[in-house]
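Pasted below: input.csv, CSV, C-alpha atoms.
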chain,number,residue,atom,x,y,z
C,55,GLU,CA,123.2,74.0,14.4
C,56,LYS,CA,122.8,71.4,11.7
C,57,LEU,CA,125.7,73.0,9.8
C,58,GLY,CA,127.8,73.1,13.0
C,59,LEU,CA,128.2,76.8,12.9
C,60,PRO,CA,128.2,79.0,15.9
C,61,SER,CA,124.8,80.4,16.8
C,62,PHE,CA,124.1,84.1,16.8
C,63,LYS,CA,121.6,86.0,18.9
C,64,ILE,CA,119.5,88.5,16.9
C,65,GLY,CA,119.8,91.8,18.6
C,66,GLU,CA,118.2,95.2,18.2
C,67,LEU,CA,118.2,96.9,14.8
C,68,ARG,CA,121.3,99.0,15.2
C,69,GLY,CA,125.0,98.9,14.5
C,70,ASP,CA,127.5,97.5,17.0
C,71,VAL,CA,130.5,99.5,18.1
C,72,GLN,CA,132.4,98.0,20.9
C,73,VAL,CA,134.3,100.3,23.3
C,74,GLY,CA,137.2,99.3,25.4
C,75,SER,CA,137.3,99.4,29.2
C,76,GLY,CA,139.3,102.7,28.9
C,77,ILE,CA,136.5,104.6,27.3
C,78,ALA,CA,133.8,102.9,29.4
C,79,GLN,CA,135.5,103.5,32.7
C,80,GLU,CA,137.0,106.9,32.1
C,81,GLN,CA,135.6,110.1,33.4
C,82,SER,CA,133.3,112.1,31.2
C,83,PRO,CA,135.1,114.9,29.2
C,84,LEU,CA,132.9,117.4,31.1
C,85,PRO,CA,132.2,117.6,34.8
C,86,GLU,CA,128.4,117.9,34.2
C,87,PRO,CA,126.0,115.8,32.1
C,88,TYR,CA,125.7,117.2,28.6
C,89,TRP,CA,123.7,116.9,25.4
C,90,VAL,CA,125.2,116.9,22.0
C,91,ILE,CA,123.8,119.0,19.2
C,92,SER,CA,124.9,117.9,15.7
C,93,THR,CA,123.9,120.1,12.8
C,94,ASP,CA,126.2,118.6,10.1
C,95,PRO,CA,126.8,121.8,8.2
C,96,ARG,CA,128.1,119.9,5.2
C,97,ARG,CA,124.5,118.8,4.4
C,98,ILE,CA,122.9,121.4,2.3
C,99,GLY,CA,119.8,121.7,0.1
C,100,CYS,CA,116.7,119.7,1.1
C,101,ALA,CA,118.3,118.2,4.2
C,102,THR,CA,119.1,121.6,5.9
C,103,TRP,CA,117.2,122.8,8.9
C,104,PRO,CA,116.8,126.6,9.0
C,105,SER,CA,119.6,128.6,10.7
C,106,GLU,CA,117.2,130.6,12.9
C,107,TYR,CA,115.6,127.3,14.1
C,108,TRP,CA,119.0,126.1,15.3
C,109,GLN,CA,119.7,129.4,17.1
C,110,GLU,CA,116.3,129.4,18.8
C,111,LEU,CA,116.6,125.8,19.9
C,112,GLY,CA,120.1,126.4,21.2
C,113,LYS,CA,119.1,129.4,23.2
C,114,THR,CA,116.0,127.7,24.6
C,115,LEU,CA,117.7,124.5,25.7
C,116,SER,CA,120.9,126.1,27.0
C,117,THR,CA,119.0,127.6,29.9
C,118,LYS,CA,118.0,124.1,31.0
C,119,LEU,CA,120.7,121.8,29.7
C,120,ARG,CA,124.4,121.8,29.0
C,121,LEU,CA,124.7,121.7,25.2
C,122,VAL,CA,127.8,120.6,23.3
C,123,GLN,CA,128.7,120.7,19.7
C,124,VAL,CA,131.1,117.9,18.7
C,125,VAL,CA,133.3,119.2,15.9
C,126,LEU,CA,134.5,116.3,13.7
C,127,PRO,CA,138.2,116.0,12.7
C,128,GLY,CA,139.1,118.4,9.9
C,129,GLU,CA,135.8,120.3,10.2
C,130,ASN,CA,134.9,123.7,11.6
C,131,PRO,CA,132.3,124.6,14.3
C,132,ASP,CA,128.8,125.5,13.0
C,133,PRO,CA,128.2,129.2,14.1
C,134,ARG,CA,124.4,128.6,14.0
C,135,VAL,CA,124.5,126.9,17.3
C,136,ASN,CA,126.2,129.7,19.3
C,137,ALA,CA,124.7,128.6,22.6
C,138,ALA,CA,126.6,125.3,22.6
C,139,GLU,CA,130.1,124.7,24.0
C,140,LEU,CA,132.6,123.1,21.7
C,141,LEU,CA,134.3,119.7,21.9
C,142,THR,CA,136.7,119.6,19.0
C,143,ALA,CA,137.8,116.1,18.2
C,144,SER,CA,141.2,115.4,16.7
C,145,SER,CA,140.4,111.8,15.9
C,146,TYR,CA,137.3,109.6,15.5
C,147,GLU,CA,138.3,107.8,18.7
C,148,GLN,CA,137.6,111.1,20.4
C,149,VAL,CA,134.3,111.5,18.6
C,150,ILE,CA,133.3,108.0,20.0
C,151,ARG,CA,134.3,109.2,23.5
C,152,TYR,CA,132.3,112.4,23.3
C,153,VAL,CA,129.2,110.6,22.1
C,154,TYR,CA,129.5,107.7,24.5
C,155,HIS,CA,129.5,109.9,27.5
C,156,ALA,CA,126.7,112.2,26.3
C,157,GLU,CA,123.3,111.9,27.9
C,158,ALA,CA,121.5,112.4,24.6
C,159,LEU,CA,121.6,114.0,21.1
C,160,VAL,CA,119.7,116.4,18.9
C,161,SER,CA,120.8,115.9,15.4
C,162,THR,CA,120.1,115.9,11.7
C,163,ALA,CA,120.3,112.6,10.0
C,164,ASN,CA,124.1,112.1,10.0
C,165,PHE,CA,127.0,110.0,11.2
C,166,LEU,CA,126.5,110.8,14.9
C,167,VAL,CA,122.9,109.5,14.8
C,168,HIS,CA,124.2,106.1,13.6
C,169,LEU,CA,127.1,106.2,16.1
C,170,ALA,CA,124.9,107.0,19.0
C,171,ALA,CA,122.7,104.0,18.2
C,172,ALA,CA,125.6,101.7,17.7
C,173,LEU,CA,127.5,102.4,20.9
C,174,PRO,CA,126.7,100.4,24.1
C,175,ASP,CA,124.3,101.9,26.5
C,176,ASN,CA,125.8,104.1,29.1
C,177,ASN,CA,125.1,103.0,32.6
C,178,GLY,CA,122.4,100.7,31.5
C,179,LYS,CA,120.3,103.4,29.9
C,180,LYS,CA,119.5,104.0,26.2
C,181,ARG,CA,121.0,107.1,24.8
C,182,PRO,CA,118.0,109.2,23.5
C,183,CYS,CA,118.3,111.0,20.2
C,184,VAL,CA,115.9,113.4,18.5
C,185,THR,CA,116.6,113.2,14.7
C,186,ILE,CA,115.4,116.1,12.5
C,187,LEU,CA,114.7,114.4,9.3
C,188,GLY,CA,112.0,116.1,7.2
C,189,GLY,CA,110.7,114.4,4.1
C,190,ARG,CA,113.8,113.8,2.0
C,191,GLU,CA,114.6,110.4,3.4
C,192,SER,CA,112.3,107.8,4.9
C,193,PRO,CA,112.5,107.4,8.7
C,194,GLU,CA,113.5,103.7,8.5
C,195,TRP,CA,117.0,104.8,7.7
C,196,VAL,CA,117.5,106.3,11.2
C,197,GLY,CA,114.6,104.8,13.2
C,198,TYR,CA,116.7,103.2,15.9
C,199,PRO,CA,115.4,101.9,19.3
C,200,GLY,CA,115.2,104.8,21.8
C,201,HIS,CA,115.4,107.4,19.0
C,202,VAL,CA,112.7,109.9,18.0
C,203,VAL,CA,112.6,110.8,14.3
C,204,LEU,CA,110.8,114.0,13.3
C,205,HIS,CA,109.6,113.6,9.7
C,206,THR,CA,106.9,114.8,7.4
C,207,ILE,CA,106.3,111.5,5.5
C,208,GLY,CA,102.6,111.4,4.8
C,209,GLU,CA,102.1,115.1,5.5
C,210,LEU,CA,103.0,116.5,2.1
C,211,ASP,CA,102.1,115.1,-1.4
C,212,CYS,CA,105.8,115.2,-2.4
C,213,CYS,CA,106.6,112.7,0.4
C,214,SER,CA,103.2,111.1,0.8
C,215,ASP,CA,104.5,107.5,1.4
C,216,ARG,CA,108.3,107.7,1.3
C,217,GLY,CA,111.2,110.2,1.1
C,218,CYS,CA,111.4,112.4,-2.0
C,219,ASP,CA,115.2,111.9,-2.5
C,220,LYS,CA,115.4,115.5,-3.8
C,221,SER,CA,118.9,117.0,-3.3
C,222,ASN,CA,118.6,120.7,-4.3
C,223,LEU,CA,116.4,123.7,-3.6
C,224,THR,CA,116.8,125.0,-7.2
C,225,GLY,CA,117.8,123.5,-10.6
C,226,HIS,CA,118.2,119.8,-11.2
C,227,ASN,CA,116.4,117.4,-8.9
C,228,ALA,CA,115.0,120.3,-6.9
C,229,CYS,CA,112.5,120.5,-4.1
C,230,VAL,CA,108.9,121.1,-5.2
C,231,TYR,CA,108.1,123.2,-2.2
C,232,PRO,CA,111.0,125.6,-1.4
C,233,ILE,CA,110.1,128.1,1.3
C,234,ASP,CA,111.7,131.5,1.8
C,235,VAL,CA,112.3,132.3,5.5
C,236,ALA,CA,114.5,134.9,7.2
C,237,SER,CA,117.8,133.2,6.8
C,238,GLY,CA,117.2,131.8,3.2
C,239,ILE,CA,115.4,129.2,1.2
C,240,TYR,CA,114.6,125.8,2.7
C,241,ALA,CA,112.5,122.8,1.9
C,242,LYS,CA,109.0,123.0,3.3
C,243,CYS,CA,109.4,119.7,5.1
C,244,GLN,CA,112.3,121.2,7.1
C,245,VAL,CA,110.4,124.4,7.9
C,246,LEU,CA,107.4,122.5,9.2
C,247,ILE,CA,109.6,120.9,12.0
C,248,THR,CA,109.7,123.8,14.5
C,249,PRO,CA,112.1,124.2,17.4
C,250,GLU,CA,109.1,123.8,19.7
C,251,ALA,CA,108.4,120.4,18.2
C,252,VAL,CA,112.0,119.3,18.8
C,253,ALA,CA,112.1,120.6,22.4
C,254,ALA,CA,108.8,118.8,23.2
C,255,GLU,CA,110.5,115.5,22.4
C,256,LEU,CA,113.3,115.9,24.9
C,257,ASN,CA,112.4,114.2,28.2
C,258,PRO,CA,114.2,116.6,30.5
C,259,TRP,CA,112.4,119.4,28.6
C,260,LYS,CA,109.0,117.7,29.3
C,261,GLN,CA,109.9,117.4,33.0
C,262,ILE,CA,110.9,121.1,33.1
C,263,GLN,CA,107.6,122.1,31.4
C,264,SER,CA,105.7,120.0,33.9
C,265,GLU,CA,107.4,121.5,36.9
C,266,SER,CA,107.0,125.1,35.6
C,267,SER,CA,103.3,124.6,35.0
C,268,SER,CA,102.6,123.0,38.4
Once more with this new file: its structure as structure tokens, please.
Amino acid sequence: EKLGLPSFKIGELRGDVQVGSGIAQEQSPLPEPYWVISTDPRRIGCATWPSEYWQELGKTLSTKLRLVQVVLPGENPDPRVNAAELLTASSYEQVIRYVYHAEALVSTANFLVHLAAALPDNNGKKRPCVTILGGRESPEWVGYPGHVVLHTIGELDCCSDRGCDKSNLTGHNACVYPIDVASGIYAKCQVLITPEAVAAELNPWKQIQSESSS
């Protein structure tokens, strides 16, 4: 005020992507509510969640929820999530539309996590997101309001107080705890996050579990 500059209100810790009235008022691309699953198949090495985990999670959730895999421009669908329908985007404007109208996301730490947090709330509700992180990166990078970050910081000595920043499973800058599972070798921090742990964080899933046990 003393400098005569406009005042700014400090908001939540997230980006700010404004959408026009066209996106906000248009119909959802699907007739039913849907959840986005984002695997980001480009991420390899220590940031990769096991293939069989994706398959198990997709099969489990697809019986209760409508799952969608958003395919980014110039990329190919990830065959590991064969239970999800495809929404193939020809532009990043379409990507914004698909995420804006989604009820929630399940994702590795990638672009869609940041986008989901930066977009305005849909119908006054926060857009939940379960982020599968592991121990390579610290959760502060993706710890947005309304998001759940599944990590192993503090659970392993290689990431006792922060992310290890390791990139590879073998060779230079390699993971110190590579684990061999059915579909290949993965970082132990990724293997420790089970499909059951991810499913337990999804509110609709908790409600379904409660109804089924009553």
> Could you name the residues that touch Arg68 (chain C) at 12 Å or less, counting all atoms listed in the file, but leaving out those on the same chain fewer than 6 positions away, as a list in words?
Replying inline: Val167, His168, Leu169, Ala170, Ala171, Ala172, Leu173, Pro174, Glu194, Trp195, Val196, Gly197, Tyr198, Pro199, Gly200 and His201 of chain C
Just to be explicit: take each residue in the selection above, keep C-alpha atoms, and write the result as a compact mmCIF listing (two decimals), in the coordinates of the input.
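Heads up, here's the output in part.txt:
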# COMPACT_ATOMS: atom_id res chain seq x y z
CA VAL C 167 122.90 109.50 14.80
CA HIS C 168 124.20 106.10 13.60
CA LEU C 169 127.10 106.20 16.10
CA ALA C 170 124.90 107.00 19.00
CA ALA C 171 122.70 104.00 18.20
CA ALA C 172 125.60 101.70 17.70
CA LEU C 173 127.50 102.40 20.90
CA PRO C 174 126.70 100.40 24.10
CA GLU C 194 113.50 103.70 8.50
CA TRP C 195 117.00 104.80 7.70
CA VAL C 196 117.50 106.30 11.20
CA GLY C 197 114.60 104.80 13.20
CA TYR C 198 116.70 103.20 15.90
CA PRO C 199 115.40 101.90 19.30
CA GLY C 200 115.20 104.80 21.80
CA HIS C 201 115.40 107.40 19.00
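In this model, the gap between CA of Ala241 (chain C) and CA of Ser214 (chain C) comes to 15.0 Å.
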Do you have, as a Markdown table, the list of residues of region 81-105 of chain C lying at most 10 Å from region 155-161 of chain C, each with its nearest atom pair and that distance in Å to one decimal, counting only C-alpha atoms and ordered by chain then number?
| residue | atom | partner | partner_atom | distance |
| --- | --- | --- | --- | --- |
| C:Gln81 | CA | C:His155 | CA | 8.5 |
| C:Ser82 | CA | C:His155 | CA | 5.7 |
| C:Pro83 | CA | C:His155 | CA | 7.7 |
| C:Leu84 | CA | C:His155 | CA | 9.0 |
| C:Glu86 | CA | C:Ala156 | CA | 9.9 |
| C:Pro87 | CA | C:Glu157 | CA | 6.3 |
| C:Tyr88 | CA | C:Ala156 | CA | 5.6 |
| C:Trp89 | CA | C:Ala158 | CA | 5.1 |
| C:Val90 | CA | C:Leu159 | CA | 4.7 |
| C:Ile91 | CA | C:Val160 | CA | 4.9 |
| C:Ser92 | CA | C:Ser161 | CA | 4.6 |
| C:Thr93 | CA | C:Ser161 | CA | 5.8 |
| C:Asp94 | CA | C:Ser161 | CA | 8.0 |
>> Excluding Pro249 (chain C) and its own-chain neighbours fewer than 5 positions away, which residues fall within 12 Å of it when counting all atoms listed in the file? Please give them as a ChimeraX atom specification.
In response: /C:103-115,160,184,186,204,244,254-256
Residues of the last selection are to be written out with C-alpha atoms, as a tab-separated table (two decimals), keeping the file's coordinate frame.
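Wrote it out as part_27.tsv, contents follow:
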chain	number	residue	atom	x	y	z
C	103	TRP	CA	117.20	122.80	8.90
C	104	PRO	CA	116.80	126.60	9.00
C	105	SER	CA	119.60	128.60	10.70
C	106	GLU	CA	117.20	130.60	12.90
C	107	TYR	CA	115.60	127.30	14.10
C	108	TRP	CA	119.00	126.10	15.30
C	109	GLN	CA	119.70	129.40	17.10
C	110	GLU	CA	116.30	129.40	18.80
C	111	LEU	CA	116.60	125.80	19.90
C	112	GLY	CA	120.10	126.40	21.20
C	113	LYS	CA	119.10	129.40	23.20
C	114	THR	CA	116.00	127.70	24.60
C	115	LEU	CA	117.70	124.50	25.70
C	160	VAL	CA	119.70	116.40	18.90
C	184	VAL	CA	115.90	113.40	18.50
C	186	ILE	CA	115.40	116.10	12.50
C	204	LEU	CA	110.80	114.00	13.30
C	244	GLN	CA	112.30	121.20	7.10
C	254	ALA	CA	108.80	118.80	23.20
C	255	GLU	CA	110.50	115.50	22.40
C	256	LEU	CA	113.30	115.90	24.90
> Between C:Leu187, C:Ile207, C:Ile247, C:Ala143, which one has atoms that come closest to Asn164 (chain C), using only C-alpha atoms?
Replying inline: C:Leu187
>> Just the number, please: distance in Å from CA of Pro131 (chain C) to CA of Lys179 (chain C), one decimal.
In response: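 Interatomic distance here is 28.9 Å.
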> Within 10 Å of Asp219 (chain C), counting only C-alpha atoms, which residues qualify if same-chain residues fewer than 5 places away don't, as number ranges by chain?
Replying inline: C: 100-101, 189-192, 212-213, 227-229
Could the residues in this selection be written to a file with C-alpha atoms, as a PDB file, in the coordinates of the input?
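part06.pdb, freshly written:
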ATOM      1  CA  CYS C 100     116.700 119.700   1.100  1.00  0.00           C
ATOM      2  CA  ALA C 101     118.300 118.200   4.200  1.00  0.00           C
ATOM      3  CA  GLY C 189     110.700 114.400   4.100  1.00  0.00           C
ATOM      4  CA  ARG C 190     113.800 113.800   2.000  1.00  0.00           C
ATOM      5  CA  GLU C 191     114.600 110.400   3.400  1.00  0.00           C
ATOM      6  CA  SER C 192     112.300 107.800   4.900  1.00  0.00           C
ATOM      7  CA  CYS C 212     105.800 115.200  -2.400  1.00  0.00           C
ATOM      8  CA  CYS C 213     106.600 112.700   0.400  1.00  0.00           C
ATOM      9  CA  ASN C 227     116.400 117.400  -8.900  1.00  0.00           C
ATOM     10  CA  ALA C 228     115.000 120.300  -6.900  1.00  0.00           C
ATOM     11  CA  CYS C 229     112.500 120.500  -4.100  1.00  0.00           C
TER      12      CYS C 229
END
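Counting only C-alpha atoms and comparing C:Glu209, C:Glu139, C:Glu66, C:Glu147, the residue that lies closest to Leu121 (chain C) is C:Glu139.
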>> Considering all atoms listed in the file, can you say which of C:Cys183, C:Gln148, C:Gly99, C:Ala78 comes closest to Gly225 (chain C)?
In response: C:Gly99
> Quick one: distance from CA of Lys220 (chain C) to CA of Cys243 (chain C) in Å, one decimal?
Replying inline: 11.5 Å
> For Pro95 (chain C), which of C:Ala236, C:Leu246, C:Ala163, C:Ile77 is the closest residue, counting all atoms listed in the file?
Replying inline: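 Closest candidate: C:Ala163.
Distance check against Gly188 (chain C) using all atoms listed in the file: of C:Ser221, C:Thr102, C:Ser116, C:Gln123, the minimum falls on C:Thr102.
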